[in-house]
Amino acid sequence: MRGQVLGVDTRTGDGIVSGEDGRRYAFAPADWAARGEPAVGMLVDFEVEENRALTIFPVPGAGPPAVADSYSPAVERARGDRLVAALLAFLLGPLGVHRFFLGRIGSGIAMLLLSCTLIGLLVTVPWSLIDMVRFLVMADEDFAEAYGRR
């Protein structure tokens, strides 16, 4: 029967194959009959015994499992936006300009109003510096998820 590897436990080598009949079959490392290791998404040919997949071989010519492309226009745009936001937080942070830039209008207005008083500056200066550091250490993917343009 043919199927696809759904998952493999990296610690034990045990895994699950989804058969073309729609059922799932468990396998152990001893059931893998080819060189290399099974990988999620790999197309395989195997024998069935009850709910076990035995004598598992990768399908010739099927190639390696497809790997998701990590490039995303949103992530690419986030890289530039993240640096601009950090620069704005450093230069004009107490006024909340970086917050307006990221579309966080409510917190931008709060920072702008707070910065009109000396006591408010004691709050907005550290707030903006913390924002700047967060932007600089945040991964592009995380930044795109949190502040991505919708």
# chains A, B, ... in the order shown; residues from 1 in each chain; ligands from 1
>>> residues_around(residues="Arg79 (chain A)", least_positions_apart="5", cutoff="9 Å", atoms="only C-alpha atoms", output="NGL selection string")
:A and (74 or 84 or 139-141 or 143-144)
>>> write_last_selection(atoms="N, CA and C atoms", output="PDB file, in the first residue's frame")
ATOM      1  N   ALA A  74       5.055  39.679   3.949  1.00  0.00           N
ATOM      2  CA  ALA A  74       4.765  40.344   5.217  1.00  0.00           C
ATOM      3  C   ALA A  74       5.992  40.338   6.130  1.00  0.00           C
ATOM      4  N   VAL A  84      12.597  50.728  11.436  1.00  0.00           N
ATOM      5  CA  VAL A  84      12.064  52.094  11.432  1.00  0.00           C
ATOM      6  C   VAL A  84      11.360  52.376  12.757  1.00  0.00           C
ATOM      7  N   ALA A 139      12.103  38.760  16.590  1.00  0.00           N
ATOM      8  CA  ALA A 139      12.292  38.133  15.277  1.00  0.00           C
ATOM      9  C   ALA A 139      11.339  38.764  14.268  1.00  0.00           C
ATOM     10  N   ASP A 140      11.752  38.774  13.005  1.00  0.00           N
ATOM     11  CA  ASP A 140      10.925  39.370  11.956  1.00  0.00           C
ATOM     12  C   ASP A 140       9.548  38.718  11.885  1.00  0.00           C
ATOM     13  N   GLU A 141       9.487  37.400  12.041  1.00  0.00           N
ATOM     14  CA  GLU A 141       8.219  36.688  11.975  1.00  0.00           C
ATOM     15  C   GLU A 141       7.305  37.102  13.117  1.00  0.00           C
ATOM     16  N   PHE A 143       7.450  39.961  14.784  1.00  0.00           N
ATOM     17  CA  PHE A 143       7.074  41.351  14.556  1.00  0.00           C
ATOM     18  C   PHE A 143       5.953  41.428  13.523  1.00  0.00           C
ATOM     19  N   ALA A 144       6.065  40.637  12.450  1.00  0.00           N
ATOM     20  CA  ALA A 144       5.036  40.645  11.410  1.00  0.00           C
ATOM     21  C   ALA A 144       3.711  40.176  11.974  1.00  0.00           C
TER      22      ALA A 144
END
>>> select_by_dssp(residues="region 8-139 of chain A", states="strand (DSSP E or B)", output="PyMOL selection string")
chain A and resi 8+15-19+24-27+32+43-49+52-58
>>> select_by_dssp(residues="chain A", states="helix (DSSP H, G or I)", output="PyMOL selection string")
chain A and resi 29-31+73-95+97-101+105-114+118-137+140-147
>>> closest_residue(among="A:Glu37, A:Gly7, A:Asp45, A:Leu136", to="Glu20 (chain A)", atoms="only C-alpha atoms")
A:Asp45
>>> residues_around(residues="Glu50 (chain A)", least_positions_apart="6", cutoff="12 Å", atoms="only C-alpha atoms", output="VMD selection string")
chain A and resid 23 to 27
>>> atom_distance(atom1="CA of Leu102 (chain A)", atom2="CA of Arg82 (chain A)")
9.1 Å
>>> residues_around(residues="Thr12 (chain A)", least_positions_apart="6", cutoff="12 Å", atoms="only C-alpha atoms", output="number ranges by chain")
A: 27-30
>>> residues_around(residues="region 104-121 of chain A", least_positions_apart="3", cutoff="12 Å", atoms="only C-alpha atoms", output="ChimeraX atom specification")
/A:85,89,92-101,124-129,131,146-149
>>> write_last_selection(atoms="C-alpha atoms", output="JSON list (two decimals), in the first residue's frame")
[["chain", "number", "residue", "atom", "x", "y", "z"],
["A", 85, "ALA", "CA", 9.86, 51.61, 14.50],
["A", 89, "ALA", "CA", 11.02, 54.93, 19.39],
["A", 92, "LEU", "CA", 10.64, 60.51, 19.11],
["A", 93, "GLY", "CA", 9.53, 57.80, 21.52],
["A", 94, "PRO", "CA", 7.99, 59.90, 24.29],
["A", 95, "LEU", "CA", 5.64, 61.46, 21.73],
["A", 96, "GLY", "CA", 4.42, 58.00, 20.67],
["A", 97, "VAL", "CA", 5.33, 58.46, 17.00],
["A", 98, "HIS", "CA", 6.47, 54.83, 16.72],
["A", 99, "ARG", "CA", 3.07, 53.71, 18.03],
["A", 100, "PHE", "CA", 1.27, 55.76, 15.37],
["A", 101, "PHE", "CA", 3.61, 54.29, 12.73],
["A", 124, "THR", "CA", 6.81, 57.66, 28.37],
["A", 125, "VAL", "CA", 10.63, 57.82, 28.19],
["A", 126, "PRO", "CA", 11.16, 54.35, 29.73],
["A", 127, "TRP", "CA", 8.11, 53.07, 27.82],
["A", 128, "SER", "CA", 9.59, 54.13, 24.49],
["A", 129, "LEU", "CA", 13.05, 52.74, 25.35],
["A", 131, "ASP", "CA", 9.59, 49.43, 22.98],
["A", 146, "ALA", "CA", 2.21, 41.32, 16.20],
["A", 147, "TYR", "CA", 2.40, 44.51, 14.14],
["A", 148, "GLY", "CA", 1.83, 43.38, 10.55],
["A", 149, "ARG", "CA", -0.20, 45.60, 8.29]]
>>> closest_residue(among="A:Arg35, A:Arg134, A:Arg11, A:Arg2", to="Phe90 (chain A)", atoms="only C-alpha atoms")
A:Arg134
>>> atom_distance(atom1="CA of Gly13 (chain A)", atom2="CA of Ala53 (chain A)")
13.5 Å
>>> residues_around(residues="Leu43 (chain A)", least_positions_apart="5", cutoff="7 Å", atoms="only C-alpha atoms", output="list in words")
Gly3, Gln4, Val5, Pro58, Val59 and Ala62 of chain A
>>> write_last_selection(atoms="N, CA, C and O atoms", output="PDB file, in the first residue's frame")
ATOM      1  N   GLY A   3       1.314   5.446   1.001  1.00  0.00           N
ATOM      2  CA  GLY A   3       0.821   6.398   1.975  1.00  0.00           C
ATOM      3  C   GLY A   3       1.826   7.505   2.196  1.00  0.00           C
ATOM      4  O   GLY A   3       2.788   7.664   1.438  1.00  0.00           O
ATOM      5  N   GLN A   4       1.605   8.251   3.261  1.00  0.00           N
ATOM      6  CA  GLN A   4       2.450   9.396   3.577  1.00  0.00           C
ATOM      7  C   GLN A   4       2.756   9.396   5.069  1.00  0.00           C
ATOM      8  O   GLN A   4       1.871   9.148   5.888  1.00  0.00           O
ATOM      9  N   VAL A   5       4.017   9.703   5.394  1.00  0.00           N
ATOM     10  CA  VAL A   5       4.422   9.763   6.794  1.00  0.00           C
ATOM     11  C   VAL A   5       3.798  11.013   7.418  1.00  0.00           C
ATOM     12  O   VAL A   5       4.003  12.126   6.935  1.00  0.00           O
ATOM     13  N   PRO A  58      10.639   4.402   0.951  1.00  0.00           N
ATOM     14  CA  PRO A  58      10.222   5.639   0.286  1.00  0.00           C
ATOM     15  C   PRO A  58       9.863   5.339  -1.172  1.00  0.00           C
ATOM     16  O   PRO A  58      10.465   4.466  -1.790  1.00  0.00           O
ATOM     17  N   VAL A  59       8.880   6.040  -1.712  1.00  0.00           N
ATOM     18  CA  VAL A  59       8.475   5.843  -3.102  1.00  0.00           C
ATOM     19  C   VAL A  59       9.575   6.410  -4.001  1.00  0.00           C
ATOM     20  O   VAL A  59       9.945   7.573  -3.872  1.00  0.00           O
ATOM     21  N   ALA A  62       9.768  10.116  -5.836  1.00  0.00           N
ATOM     22  CA  ALA A  62       8.853  11.058  -5.184  1.00  0.00           C
ATOM     23  C   ALA A  62       9.599  12.277  -4.672  1.00  0.00           C
ATOM     24  O   ALA A  62       9.021  13.319  -4.460  1.00  0.00           O
TER      25      ALA A  62
END
>>> residues_around(residues="Phe46 (chain A)", least_positions_apart="5", cutoff="7 Å", atoms="only C-alpha atoms", output="mmCIF file with N, CA, C and O atoms, in the first residue's frame")
data_model
loop_
_atom_site.group_PDB
_atom_site.id
_atom_site.type_symbol
_atom_site.label_atom_id
_atom_site.label_comp_id
_atom_site.auth_asym_id
_atom_site.auth_seq_id
_atom_site.Cartn_x
_atom_site.Cartn_y
_atom_site.Cartn_z
ATOM 1 N N MET A 1 0.852 -1.169 0.000
ATOM 2 C CA MET A 1 0.000 0.000 0.000
ATOM 3 C C MET A 1 0.897 1.230 0.000
ATOM 4 O O MET A 1 2.015 1.194 0.496
ATOM 5 N N ARG A 2 0.389 2.314 -0.520
ATOM 6 C CA ARG A 2 1.126 3.577 -0.490
ATOM 7 C C ARG A 2 0.495 4.501 0.522
ATOM 8 O O ARG A 2 -0.675 4.384 0.866
ATOM 9 N N ALA A 53 2.281 -0.620 10.001
ATOM 10 C CA ALA A 53 2.936 -0.497 8.702
ATOM 11 C C ALA A 53 4.271 -1.222 8.810
ATOM 12 O O ALA A 53 5.063 -0.925 9.698
ATOM 13 N N LEU A 54 4.515 -2.158 7.923
ATOM 14 C CA LEU A 54 5.734 -2.961 7.957
ATOM 15 C C LEU A 54 6.500 -2.805 6.651
ATOM 16 O O LEU A 54 5.921 -2.498 5.609
ATOM 17 N N THR A 55 7.791 -3.044 6.680
ATOM 18 C CA THR A 55 8.659 -2.997 5.503
ATOM 19 C C THR A 55 8.391 -1.721 4.708
ATOM 20 O O THR A 55 7.917 -1.747 3.575
ATOM 21 N N ILE A 56 8.699 -0.597 5.303
ATOM 22 C CA ILE A 56 8.390 0.708 4.712
ATOM 23 C C ILE A 56 9.562 1.185 3.851
ATOM 24 O O ILE A 56 10.706 1.216 4.305
ATOM 25 N N PHE A 57 9.252 1.550 2.606
ATOM 26 C CA PHE A 57 10.231 2.098 1.669
ATOM 27 C C PHE A 57 9.742 3.449 1.159
ATOM 28 O O PHE A 57 8.547 3.611 0.916
#
>>> decode(residues="region 27-120 of chain A", atoms="C-alpha atoms", output="short mmCIF file (atom, residue, chain, number, x, y, z; two decimals), in the first residue's frame")
data_model
loop_
_atom_site.label_atom_id
_atom_site.label_comp_id
_atom_site.auth_asym_id
_atom_site.auth_seq_id
_atom_site.Cartn_x
_atom_site.Cartn_y
_atom_site.Cartn_z
CA PHE A 27 5.46 1.90 12.71
CA ALA A 28 8.66 1.36 14.70
CA PRO A 29 12.26 2.06 13.61
CA ALA A 30 12.70 -1.64 12.75
CA ASP A 31 9.88 -1.33 10.17
CA TRP A 32 11.84 1.24 8.13
CA ALA A 33 13.54 -0.80 5.39
CA ALA A 34 15.53 1.86 3.55
CA ARG A 35 18.62 3.94 4.17
CA GLY A 36 18.12 7.22 5.95
CA GLU A 37 15.26 8.13 8.20
CA PRO A 38 11.57 8.71 7.61
CA ALA A 39 10.51 12.36 7.36
CA VAL A 40 7.13 14.01 7.73
CA GLY A 41 5.44 14.29 4.36
CA MET A 42 7.50 11.53 2.74
CA LEU A 43 5.59 9.32 0.30
CA VAL A 44 6.11 5.67 1.21
CA ASP A 45 5.18 2.15 0.15
CA PHE A 46 4.53 -0.37 2.92
CA GLU A 47 2.91 -3.65 3.87
CA VAL A 48 -0.02 -3.72 6.27
CA GLU A 49 -0.56 -6.07 9.19
CA GLU A 50 -3.60 -5.08 11.28
CA ASN A 51 -2.86 -1.48 12.32
CA ARG A 52 0.91 -1.66 11.67
CA ALA A 53 2.94 -0.50 8.70
CA LEU A 54 5.73 -2.96 7.96
CA THR A 55 8.66 -3.00 5.50
CA ILE A 56 8.39 0.71 4.71
CA PHE A 57 10.23 2.10 1.67
CA PRO A 58 10.22 5.64 0.29
CA VAL A 59 8.48 5.84 -3.10
CA PRO A 60 11.18 6.09 -5.80
CA GLY A 61 11.17 9.37 -7.69
CA ALA A 62 8.85 11.06 -5.18
CA GLY A 63 11.71 13.27 -4.00
CA PRO A 64 12.15 14.71 -0.55
CA PRO A 65 9.16 16.12 1.29
CA ALA A 66 8.34 19.70 0.39
CA VAL A 67 9.70 22.24 2.84
CA ALA A 68 7.66 25.37 3.42
CA ASP A 69 9.32 28.44 2.00
CA SER A 70 10.19 30.81 4.83
CA TYR A 71 9.97 33.87 2.56
CA SER A 72 6.86 35.91 3.05
CA PRO A 73 6.21 39.46 1.80
CA ALA A 74 4.77 40.34 5.22
CA VAL A 75 7.93 39.13 6.98
CA GLU A 76 10.14 40.95 4.47
CA ARG A 77 8.21 44.19 5.03
CA ALA A 78 8.31 43.62 8.79
CA ARG A 79 12.11 43.61 8.71
CA GLY A 80 12.18 47.22 7.49
CA ASP A 81 9.23 48.32 9.62
CA ARG A 82 10.83 46.84 12.72
CA LEU A 83 14.00 48.92 12.28
CA VAL A 84 12.06 52.09 11.43
CA ALA A 85 9.86 51.61 14.50
CA ALA A 86 12.94 51.13 16.71
CA LEU A 87 14.52 54.30 15.31
CA LEU A 88 11.31 56.28 15.84
CA ALA A 89 11.02 54.93 19.39
CA PHE A 90 14.57 56.10 20.09
CA LEU A 91 14.28 59.55 18.49
CA LEU A 92 10.64 60.51 19.11
CA GLY A 93 9.53 57.80 21.52
CA PRO A 94 7.99 59.90 24.29
CA LEU A 95 5.64 61.46 21.73
CA GLY A 96 4.42 58.00 20.67
CA VAL A 97 5.33 58.46 17.00
CA HIS A 98 6.47 54.83 16.72
CA ARG A 99 3.07 53.71 18.03
CA PHE A 100 1.27 55.76 15.37
CA PHE A 101 3.61 54.29 12.73
CA LEU A 102 2.65 50.75 13.80
CA GLY A 103 -1.07 51.52 13.77
CA ARG A 104 -1.42 51.51 17.57
CA ILE A 105 -3.33 54.80 17.59
CA GLY A 106 -4.76 54.45 21.11
CA SER A 107 -1.42 53.94 22.84
CA GLY A 108 0.13 56.61 20.56
CA ILE A 109 -2.43 59.16 21.76
CA ALA A 110 -1.86 58.09 25.38
CA MET A 111 1.91 58.58 25.03
CA LEU A 112 1.42 61.95 23.31
CA LEU A 113 -0.89 63.23 26.06
CA LEU A 114 1.31 61.88 28.86
CA SER A 115 4.41 63.51 27.40
CA CYS A 116 2.80 66.97 27.86
CA THR A 117 3.63 66.82 31.58
CA LEU A 118 6.90 66.27 33.40
CA ILE A 119 5.48 63.35 35.37
CA GLY A 120 4.13 61.85 32.13
#
